[in-house]
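**Student:** See final.pdb below, with PDB, C-alpha atoms, pLDDT in the B column.
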```pdb
MODEL        1
ATOM      1  CA  MET O  26     158.541   4.001 106.304  1.00 32.00           C
ATOM      2  CA  SER O  27     159.170   7.539 105.118  1.00 31.00           C
ATOM      3  CA  GLY O  28     162.136   8.005 102.882  1.00 32.00           C
ATOM      4  CA  VAL O  29     162.054   4.505 101.407  1.00 33.00           C
ATOM      5  CA  SER O  30     160.559   4.078  97.965  1.00 35.00           C
ATOM      6  CA  ALA O  31     158.874   0.898  96.839  1.00 38.00           C
ATOM      7  CA  ARG O  32     161.462   0.577  94.047  1.00 39.00           C
ATOM      8  CA  ARG O  33     164.289   0.324  96.580  1.00 42.00           C
ATOM      9  CA  THR O  34     162.322  -2.000  98.841  1.00 43.00           C
ATOM     10  CA  GLY O  35     161.376  -4.469  96.160  1.00 48.00           C
ATOM     11  CA  GLU O  36     158.444  -3.218  94.156  1.00 69.00           C
ATOM     12  CA  PRO O  37     156.251  -6.220  93.345  1.00 81.00           C
ATOM     13  CA  ASP O  38     155.156  -7.121  89.837  1.00 85.00           C
ATOM     14  CA  ALA O  39     151.561  -6.882  91.086  1.00 84.00           C
ATOM     15  CA  ALA O  40     150.100  -5.731  94.397  1.00 82.00           C
ATOM     16  CA  VAL O  41     146.721  -5.150  96.027  1.00 86.00           C
ATOM     17  CA  ALA O  42     146.217  -2.521  98.719  1.00 84.00           C
ATOM     18  CA  PHE O  43     142.969  -1.759 100.549  1.00 87.00           C
ATOM     19  CA  GLY O  44     142.319   1.786 101.742  1.00 84.00           C
ATOM     20  CA  ALA O  45     145.075   3.319  99.628  1.00 84.00           C
ATOM     21  CA  ASP O  46     144.714   6.860  98.311  1.00 82.00           C
ATOM     22  CA  ARG O  47     144.073   6.324  94.608  1.00 81.00           C
ATOM     23  CA  GLY O  48     144.942   9.932  93.842  1.00 81.00           C
ATOM     24  CA  ALA O  49     148.410   9.430  95.330  1.00 77.00           C
ATOM     25  CA  LEU O  50     148.947   6.428  93.060  1.00 76.00           C
ATOM     26  CA  GLU O  51     147.701   7.736  89.707  1.00 80.00           C
ATOM     27  CA  GLY O  52     150.464   8.240  87.194  1.00 77.00           C
ATOM     28  CA  ARG O  53     153.087   6.744  89.524  1.00 76.00           C
ATOM     29  CA  ARG O  54     155.434   3.962  88.566  1.00 72.00           C
ATOM     30  CA  THR O  55     156.346   3.155  92.168  1.00 75.00           C
ATOM     31  CA  TYR O  56     154.243   2.420  95.229  1.00 73.00           C
ATOM     32  CA  LYS O  57     155.197   4.570  98.210  1.00 76.00           C
ATOM     33  CA  VAL O  58     153.435   3.365 101.360  1.00 77.00           C
ATOM     34  CA  TRP O  59     153.688   6.753 103.080  1.00 78.00           C
ATOM     35  CA  GLU O  60     151.979   8.456 100.120  1.00 81.00           C
ATOM     36  CA  ALA O  61     149.408   5.745  99.435  1.00 81.00           C
ATOM     37  CA  GLY O  62     148.414   5.583 103.097  1.00 80.00           C
ATOM     38  CA  ALA O  63     148.295   1.775 103.230  1.00 82.00           C
ATOM     39  CA  PRO O  64     150.725  -1.074 102.594  1.00 80.00           C
ATOM     40  CA  PRO O  65     149.934  -3.652  99.945  1.00 84.00           C
ATOM     41  CA  MET O  66     148.003  -6.586 101.430  1.00 87.00           C
ATOM     42  CA  ARG O  67     149.204  -8.941  98.728  1.00 89.00           C
ATOM     43  CA  ALA O  68     152.305  -8.884  96.557  1.00 90.00           C
ATOM     44  CA  LEU O  69     153.028 -11.098  93.554  1.00 92.00           C
ATOM     45  CA  GLU O  70     156.368 -11.645  91.894  1.00 93.00           C
ATOM     46  CA  ILE O  71     156.600 -13.283  88.479  1.00 93.00           C
ATOM     47  CA  ALA O  72     159.872 -15.179  88.188  1.00 93.00           C
ATOM     48  CA  SER O  73     162.380 -14.551  85.466  1.00 92.00           C
ATOM     49  CA  HIS O  74     165.966 -15.617  84.920  1.00 93.00           C
ATOM     50  CA  THR O  75     167.179 -12.321  86.414  1.00 93.00           C
ATOM     51  CA  THR O  76     164.802 -12.124  89.409  1.00 91.00           C
ATOM     52  CA  TYR O  77     163.992 -15.595  90.711  1.00 92.00           C
ATOM     53  CA  GLN O  78     166.869 -15.739  93.232  1.00 92.00           C
ATOM     54  CA  ARG O  79     165.902 -12.330  94.650  1.00 91.00           C
ATOM     55  CA  ASP O  80     162.222 -13.386  94.689  1.00 92.00           C
ATOM     56  CA  LEU O  81     163.159 -16.323  96.952  1.00 90.00           C
ATOM     57  CA  ARG O  82     165.821 -14.774  99.178  1.00 91.00           C
ATOM     58  CA  ALA O  83     165.532 -10.983  99.506  1.00 91.00           C
ATOM     59  CA  GLU O  84     161.938 -10.094  98.687  1.00 91.00           C
ATOM     60  CA  PRO O  85     160.208 -11.847 101.615  1.00 93.00           C
ATOM     61  CA  ALA O  86     162.077  -9.683 104.159  1.00 91.00           C
ATOM     62  CA  ARG O  87     161.543  -6.533 102.117  1.00 89.00           C
ATOM     63  CA  PHE O  88     157.810  -7.158 101.753  1.00 90.00           C
ATOM     64  CA  ALA O  89     157.514  -7.985 105.458  1.00 91.00           C
ATOM     65  CA  ALA O  90     159.125  -4.608 106.232  1.00 89.00           C
ATOM     66  CA  LEU O  91     156.510  -2.917 104.032  1.00 85.00           C
ATOM     67  CA  GLY O  92     153.691  -4.656 105.932  1.00 88.00           C
ATOM     68  CA  VAL O  93     152.632  -7.014 103.152  1.00 92.00           C
ATOM     69  CA  ALA O  94     150.317  -9.735 104.533  1.00 93.00           C
ATOM     70  CA  GLU O  95     150.736 -12.252 101.682  1.00 95.00           C
ATOM     71  CA  TYR O  96     153.599 -12.823  99.286  1.00 95.00           C
ATOM     72  CA  TRP O  97     153.089 -14.937  96.161  1.00 95.00           C
ATOM     73  CA  ARG O  98     155.572 -16.171  93.576  1.00 95.00           C
ATOM     74  CA  LEU O  99     154.673 -17.442  90.132  1.00 95.00           C
ATOM     75  CA  ASP O 100     157.001 -19.278  87.787  1.00 95.00           C
ATOM     76  CA  PRO O 101     155.486 -18.871  84.305  1.00 93.00           C
ATOM     77  CA  THR O 102     157.822 -21.555  82.945  1.00 92.00           C
ATOM     78  CA  GLY O 103     155.927 -24.161  84.954  1.00 89.00           C
ATOM     79  CA  GLY O 104     158.777 -25.095  87.283  1.00 89.00           C
ATOM     80  CA  GLU O 105     162.130 -23.955  85.936  1.00 93.00           C
ATOM     81  CA  TYR O 106     162.590 -21.496  88.827  1.00 94.00           C
ATOM     82  CA  PHE O 107     160.152 -22.616  91.550  1.00 90.00           C
ATOM     83  CA  ALA O 108     158.607 -25.970  92.392  1.00 89.00           C
ATOM     84  CA  PRO O 109     155.685 -25.821  92.515  1.00 91.00           C
ATOM     85  CA  PRO O 110     155.319 -22.951  90.028  1.00 94.00           C
ATOM     86  CA  LEU O 111     152.810 -21.182  92.327  1.00 95.00           C
ATOM     87  CA  GLU O 112     153.939 -20.514  95.889  1.00 94.00           C
ATOM     88  CA  GLY O 113     152.476 -18.312  98.589  1.00 95.00           C
ATOM     89  CA  GLU O 114     153.321 -17.228 102.109  1.00 95.00           C
ATOM     90  CA  ARG O 115     151.276 -15.420 104.790  1.00 96.00           C
ATOM     91  CA  ARG O 116     152.521 -13.343 107.678  1.00 94.00           C
ATOM     92  CA  ARG O 117     151.493 -15.011 110.952  1.00 93.00           C
ATOM     93  CA  ARG O 118     152.880 -13.981 114.313  1.00 91.00           C
ATOM     94  CA  GLY O 119     155.639 -11.999 112.592  1.00 89.00           C
ATOM     95  CA  ARG O 120     156.800 -14.882 110.377  1.00 93.00           C
ATOM     96  CA  TRP O 121     156.121 -16.069 106.856  1.00 95.00           C
ATOM     97  CA  GLU O 122     154.178 -19.334 106.771  1.00 96.00           C
ATOM     98  CA  PRO O 123     153.551 -21.305 103.569  1.00 95.00           C
ATOM     99  CA  VAL O 124     150.099 -21.174 102.002  1.00 96.00           C
ATOM    100  CA  PRO O 125     148.874 -24.618 100.972  1.00 96.00           C
ATOM    101  CA  VAL O 126     148.959 -24.990  97.177  1.00 95.00           C
ATOM    102  CA  ALA O 127     147.522 -28.176  95.710  1.00 95.00           C
ATOM    103  CA  PRO O 128     146.495 -29.471  92.300  1.00 93.00           C
ATOM    104  CA  ASP O 129     142.762 -29.857  91.725  1.00 91.00           C
ATOM    105  CA  ALA O 130     141.135 -32.638  89.665  1.00 91.00           C
ATOM    106  CA  ASP O 131     142.454 -31.308  86.333  1.00 91.00           C
ATOM    107  CA  GLY O 132     145.967 -30.575  87.647  1.00 90.00           C
ATOM    108  CA  THR O 133     145.462 -26.817  88.047  1.00 93.00           C
ATOM    109  CA  LEU O 134     147.447 -25.529  91.024  1.00 94.00           C
ATOM    110  CA  THR O 135     145.018 -23.889  93.428  1.00 95.00           C
ATOM    111  CA  ALA O 136     145.458 -21.854  96.600  1.00 96.00           C
ATOM    112  CA  ARG O 137     143.397 -19.457  98.701  1.00 96.00           C
ATOM    113  CA  SER O 138     144.372 -15.849  99.306  1.00 95.00           C
ATOM    114  CA  ASP O 139     142.996 -14.845 102.710  1.00 93.00           C
ATOM    115  CA  ALA O 140     144.048 -11.237 102.040  1.00 90.00           C
ATOM    116  CA  LEU O 141     141.822 -11.115  98.934  1.00 92.00           C
ATOM    117  CA  GLY O 142     139.175 -13.695  99.812  1.00 94.00           C
ATOM    118  CA  LEU O 143     139.879 -15.253  96.407  1.00 95.00           C
ATOM    119  CA  GLU O 144     141.228 -18.495  95.031  1.00 96.00           C
ATOM    120  CA  LEU O 145     144.305 -18.410  92.809  1.00 95.00           C
ATOM    121  CA  HIS O 146     144.367 -20.929  89.964  1.00 95.00           C
ATOM    122  CA  TRP O 147     147.520 -21.470  87.902  1.00 94.00           C
ATOM    123  CA  GLN O 148     146.165 -22.529  84.526  1.00 89.00           C
ATOM    124  CA  PRO O 149     149.210 -22.170  82.283  1.00 88.00           C
ATOM    125  CA  PRO O 150     149.792 -19.721  80.801  1.00 87.00           C
ATOM    126  CA  LYS O 151     147.422 -17.755  83.087  1.00 89.00           C
ATOM    127  CA  LEU O 152     147.001 -17.083  86.759  1.00 92.00           C
ATOM    128  CA  ARG O 153     143.228 -16.836  87.200  1.00 93.00           C
ATOM    129  CA  LEU O 154     141.333 -15.497  90.206  1.00 94.00           C
ATOM    130  CA  TYR O 155     138.065 -17.045  91.358  1.00 95.00           C
ATOM    131  CA  ASP O 156     135.653 -15.431  93.802  1.00 96.00           C
ATOM    132  CA  PRO O 157     133.982 -18.256  95.746  1.00 96.00           C
ATOM    133  CA  ALA O 158     131.547 -15.814  97.410  1.00 96.00           C
ATOM    134  CA  ALA O 159     130.239 -14.666  94.012  1.00 96.00           C
ATOM    135  CA  GLY O 160     130.769 -18.047  92.353  1.00 96.00           C
ATOM    136  CA  ALA O 161     132.514 -16.344  89.433  1.00 95.00           C
ATOM    137  CA  TRP O 162     135.908 -15.877  87.800  1.00 95.00           C
ATOM    138  CA  LEU O 163     137.376 -12.384  87.825  1.00 91.00           C
ATOM    139  CA  LEU O 164     137.855 -11.085  84.326  1.00 90.00           C
ATOM    140  CA  ASP O 165     141.395 -10.951  83.018  1.00 82.00           C
ATOM    141  CA  ALA O 166     142.736  -8.895  80.111  1.00 77.00           C
ATOM    142  CA  ASP O 167     141.751 -11.566  77.553  1.00 80.00           C
ATOM    143  CA  ASP O 168     138.226 -11.759  78.975  1.00 76.00           C
ATOM    144  CA  LEU O 169     137.874  -7.973  78.850  1.00 77.00           C
ATOM    145  CA  HIS O 170     139.142  -7.883  75.254  1.00 69.00           C
ATOM    146  CA  GLN O 171     136.670 -10.585  74.209  1.00 77.00           C
ATOM    147  CA  ALA O 172     133.810  -8.788  75.987  1.00 75.00           C
ATOM    148  CA  HIS O 173     134.765  -5.532  74.255  1.00 72.00           C
ATOM    149  CA  GLU O 174     134.876  -7.232  70.836  1.00 80.00           C
ATOM    150  CA  ALA O 175     131.523  -8.931  71.481  1.00 79.00           C
ATOM    151  CA  ALA O 176     129.974  -5.592  72.486  1.00 81.00           C
ATOM    152  CA  GLU O 177     131.316  -3.963  69.308  1.00 84.00           C
ATOM    153  CA  HIS O 178     129.911  -6.772  67.126  1.00 79.00           C
ATOM    154  CA  ARG O 179     126.568  -6.581  68.941  1.00 84.00           C
ATOM    155  CA  ALA O 180     126.398  -2.795  68.470  1.00 81.00           C
ATOM    156  CA  ALA O 181     127.247  -3.126  64.762  1.00 82.00           C
ATOM    157  CA  ALA O 182     124.606  -5.843  64.281  1.00 79.00           C
ATOM    158  CA  GLU O 183     121.981  -3.762  66.096  1.00 83.00           C
ATOM    159  CA  ALA O 184     122.828  -0.708  63.949  1.00 79.00           C
ATOM    160  CA  GLU O 185     122.566  -2.796  60.778  1.00 79.00           C
ATOM    161  CA  LEU O 186     119.235  -4.254  61.900  1.00 77.00           C
ATOM    162  CA  ALA O 187     117.881  -0.780  62.673  1.00 79.00           C
ATOM    163  CA  ALA O 188     118.964   0.438  59.220  1.00 78.00           C
ATOM    164  CA  LEU O 189     117.275  -2.550  57.551  1.00 79.00           C
ATOM    165  CA  ARG O 190     114.073  -1.889  59.463  1.00 82.00           C
ATOM    166  CA  ARG O 191     114.075   1.758  58.402  1.00 82.00           C
ATOM    167  CA  ARG O 192     114.547   0.807  54.729  1.00 84.00           C
ATOM    168  CA  HIS O 193     111.901  -1.886  54.764  1.00 82.00           C
ATOM    169  CA  ARG O 194     109.140  -0.225  56.711  1.00 80.00           C
ATOM    170  CA  PRO O 195     105.740  -1.064  55.330  1.00 74.00           C
ATOM    171  CA  PRO O 196     104.026   1.911  53.714  1.00 70.00           C
ATOM    172  CA  THR O 197     101.718   3.776  56.031  1.00 72.00           C
ATOM    173  CA  PRO O 198      98.067   3.890  54.870  1.00 69.00           C
TER     174      PRO O 198
ENDMDL
END
```
When written as structure tokens, how does the structure in this file appear?
**Tutor:**
Amino acid sequence: MSGVSARRTGEPDAAVAFGADRGALEGRRTYKVWEAGAPPMRALEIASHTTYQRDLRAEPARFAALGVAEYWRLDPTGGEYFAPPLEGERRRRGRWEPVPVAPDADGTLTARSDALGLELHWQPPKLRLYDPAAGAWLLDADDLHQAHEAAEHRAAAEAELAALRRRHRPPTP
């Protein structure tokens, strides 16, 4: 694939690559397979008014040429561009085959990514990832922000408690 940049071949909105050279990717805005050393295993496109037609028609062939094993599309509007709003395809025997996507008991669209070993859950407005092997949700940006805020509050409370203990130490005999 030398000479073809990821930008020209349809850079995905999000991608996962195993065995890629992290040093070759740091500070880059494009993913170049020949520099990274591995193609993305999974690509995700998030539909918009300007991209949804390309996401459906041109991107599957471009991602296949890059060696992408799974291609996912997400319509954040809930169905204005794609129905259902979460769609996936896997490469099998040189062809894209649909990944089953079905609503669970609460209506959340759910599918399994074989490339990642994870479940994708479209819980508007978020696409969440669940690791069935660990029995846990992967943290998203909101989760990380909340964890960071909780850690800051905990550290402040512990510092305040330590200061109170120092001020109110019983006199030593």
**Student:** When the PyMOL selection byres ((chain O and resi 103) around 12) is applied to the file above, which residues end up in the set, as number ranges by chain?
**Tutor:** O: 71-73, 98-102, 104-112, 133-134, 147-152
**Student:** Using all atoms listed in the file, which of O:Pro123, O:Pro85, O:Gly113, O:Pro64 sits nearest Ala45 of chain O?
**Tutor:**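 Ranking O:Pro123, O:Pro85, O:Gly113, O:Pro64 by distance to Ala45 of chain O, first place goes to O:Pro64.
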**Student:** Which distance in Å separates atom CA of Pro196 of chain O and atom CA of Arg179 of chain O, to one decimal?
**Tutor:** 28.5 Å
**Student:** Apply the PyMOL selection byres ((chain O and resi 41) around 7) to the displayed file and report the matching residues as number ranges by chain.
**Tutor:** O: 40, 42-43, 65-68
**Student:** Would you write out, as a list in words, every residue that the PyMOL selection byres ((chain O and resi 79) around 12) captures in this file?
**Tutor:** Thr34, Gly35, Glu36, Pro37, Glu70, Ile71, Ala72, Ser73, His74, Thr75, Thr76, Tyr77, Gln78, Asp80, Leu81, Arg82, Ala83, Glu84, Pro85, Ala86, Arg87, Phe88, Arg98 and Tyr106 of chain O
**Student:** Export C-alpha atoms of the chosen residues as a PDB file, in the coordinates of the input?
**Tutor:**
```pdb
ATOM      1  CA  THR O  34     162.322  -2.000  98.841  1.00 43.00           C
ATOM      2  CA  GLY O  35     161.376  -4.469  96.160  1.00 48.00           C
ATOM      3  CA  GLU O  36     158.444  -3.218  94.156  1.00 69.00           C
ATOM      4  CA  PRO O  37     156.251  -6.220  93.345  1.00 81.00           C
ATOM      5  CA  GLU O  70     156.368 -11.645  91.894  1.00 93.00           C
ATOM      6  CA  ILE O  71     156.600 -13.283  88.479  1.00 93.00           C
ATOM      7  CA  ALA O  72     159.872 -15.179  88.188  1.00 93.00           C
ATOM      8  CA  SER O  73     162.380 -14.551  85.466  1.00 92.00           C
ATOM      9  CA  HIS O  74     165.966 -15.617  84.920  1.00 93.00           C
ATOM     10  CA  THR O  75     167.179 -12.321  86.414  1.00 93.00           C
ATOM     11  CA  THR O  76     164.802 -12.124  89.409  1.00 91.00           C
ATOM     12  CA  TYR O  77     163.992 -15.595  90.711  1.00 92.00           C
ATOM     13  CA  GLN O  78     166.869 -15.739  93.232  1.00 92.00           C
ATOM     14  CA  ASP O  80     162.222 -13.386  94.689  1.00 92.00           C
ATOM     15  CA  LEU O  81     163.159 -16.323  96.952  1.00 90.00           C
ATOM     16  CA  ARG O  82     165.821 -14.774  99.178  1.00 91.00           C
ATOM     17  CA  ALA O  83     165.532 -10.983  99.506  1.00 91.00           C
ATOM     18  CA  GLU O  84     161.938 -10.094  98.687  1.00 91.00           C
ATOM     19  CA  PRO O  85     160.208 -11.847 101.615  1.00 93.00           C
ATOM     20  CA  ALA O  86     162.077  -9.683 104.159  1.00 91.00           C
ATOM     21  CA  ARG O  87     161.543  -6.533 102.117  1.00 89.00           C
ATOM     22  CA  PHE O  88     157.810  -7.158 101.753  1.00 90.00           C
ATOM     23  CA  ARG O  98     155.572 -16.171  93.576  1.00 95.00           C
ATOM     24  CA  TYR O 106     162.590 -21.496  88.827  1.00 94.00           C
TER      25      TYR O 106
END
```
**Student:** In terms of the shortest atom-to-atom distance over only C-alpha atoms, which of O:Asp38, O:Asp131, O:Arg153, O:Glu183 is closest to Asp167 of chain O?
**Tutor:**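 Result for the nearest residue to Asp167 of chain O: O:Arg153.
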**Student:** For segment 141-158 of chain O, supply N, CA and C atoms and report the output as a JSON list (two decimals), keeping the file's coordinate frame.
**Tutor:**
```
[["chain", "number", "residue", "atom", "x", "y", "z"],
["O", 141, "LEU", "N", 142.77, -11.52, 99.98],
["O", 141, "LEU", "CA", 141.82, -11.12, 98.93],
["O", 141, "LEU", "C", 140.47, -11.80, 99.05],
["O", 142, "GLY", "N", 140.40, -12.92, 99.78],
["O", 142, "GLY", "CA", 139.18, -13.70, 99.81],
["O", 142, "GLY", "C", 138.91, -14.37, 98.48],
["O", 143, "LEU", "N", 139.98, -14.65, 97.74],
["O", 143, "LEU", "CA", 139.88, -15.25, 96.41],
["O", 143, "LEU", "C", 140.72, -16.51, 96.33],
["O", 144, "GLU", "N", 140.40, -17.33, 95.34],
["O", 144, "GLU", "CA", 141.23, -18.50, 95.03],
["O", 144, "GLU", "C", 142.12, -18.15, 93.85],
["O", 145, "LEU", "N", 143.37, -18.57, 93.91],
["O", 145, "LEU", "CA", 144.30, -18.41, 92.81],
["O", 145, "LEU", "C", 144.39, -19.74, 92.10],
["O", 146, "HIS", "N", 144.30, -19.71, 90.78],
["O", 146, "HIS", "CA", 144.37, -20.93, 89.96],
["O", 146, "HIS", "C", 145.42, -20.73, 88.88],
["O", 147, "TRP", "N", 146.49, -21.52, 88.94],
["O", 147, "TRP", "CA", 147.52, -21.47, 87.90],
["O", 147, "TRP", "C", 147.11, -22.41, 86.79],
["O", 148, "GLN", "N", 146.59, -21.80, 85.72],
["O", 148, "GLN", "CA", 146.16, -22.53, 84.53],
["O", 148, "GLN", "C", 147.07, -22.06, 83.40],
["O", 149, "PRO", "N", 148.25, -22.68, 83.26],
["O", 149, "PRO", "CA", 149.21, -22.17, 82.28],
["O", 149, "PRO", "C", 148.57, -21.87, 80.94],
["O", 150, "PRO", "N", 148.81, -20.72, 80.39],
["O", 150, "PRO", "CA", 149.79, -19.72, 80.80],
["O", 150, "PRO", "C", 149.22, -18.61, 81.70],
["O", 151, "LYS", "N", 148.07, -18.83, 82.33],
["O", 151, "LYS", "CA", 147.42, -17.76, 83.09],
["O", 151, "LYS", "C", 147.30, -18.07, 84.57],
["O", 152, "LEU", "N", 147.37, -17.01, 85.36],
["O", 152, "LEU", "CA", 147.00, -17.08, 86.76],
["O", 152, "LEU", "C", 145.61, -16.47, 86.84],
["O", 153, "ARG", "N", 144.62, -17.29, 87.15],
["O", 153, "ARG", "CA", 143.23, -16.84, 87.20],
["O", 153, "ARG", "C", 142.81, -16.66, 88.65],
["O", 154, "LEU", "N", 141.88, -15.75, 88.88],
["O", 154, "LEU", "CA", 141.33, -15.50, 90.21],
["O", 154, "LEU", "C", 139.86, -15.85, 90.21],
["O", 155, "TYR", "N", 139.45, -16.60, 91.23],
["O", 155, "TYR", "CA", 138.06, -17.05, 91.36],
["O", 155, "TYR", "C", 137.51, -16.52, 92.67],
["O", 156, "ASP", "N", 136.32, -15.95, 92.61],
["O", 156, "ASP", "CA", 135.65, -15.43, 93.80],
["O", 156, "ASP", "C", 134.62, -16.45, 94.26],
["O", 157, "PRO", "N", 134.93, -17.24, 95.31],
["O", 157, "PRO", "CA", 133.98, -18.26, 95.75],
["O", 157, "PRO", "C", 132.70, -17.66, 96.31],
["O", 158, "ALA", "N", 132.75, -16.45, 96.87],
["O", 158, "ALA", "CA", 131.55, -15.81, 97.41],
["O", 158, "ALA", "C", 130.57, -15.47, 96.29]]
```
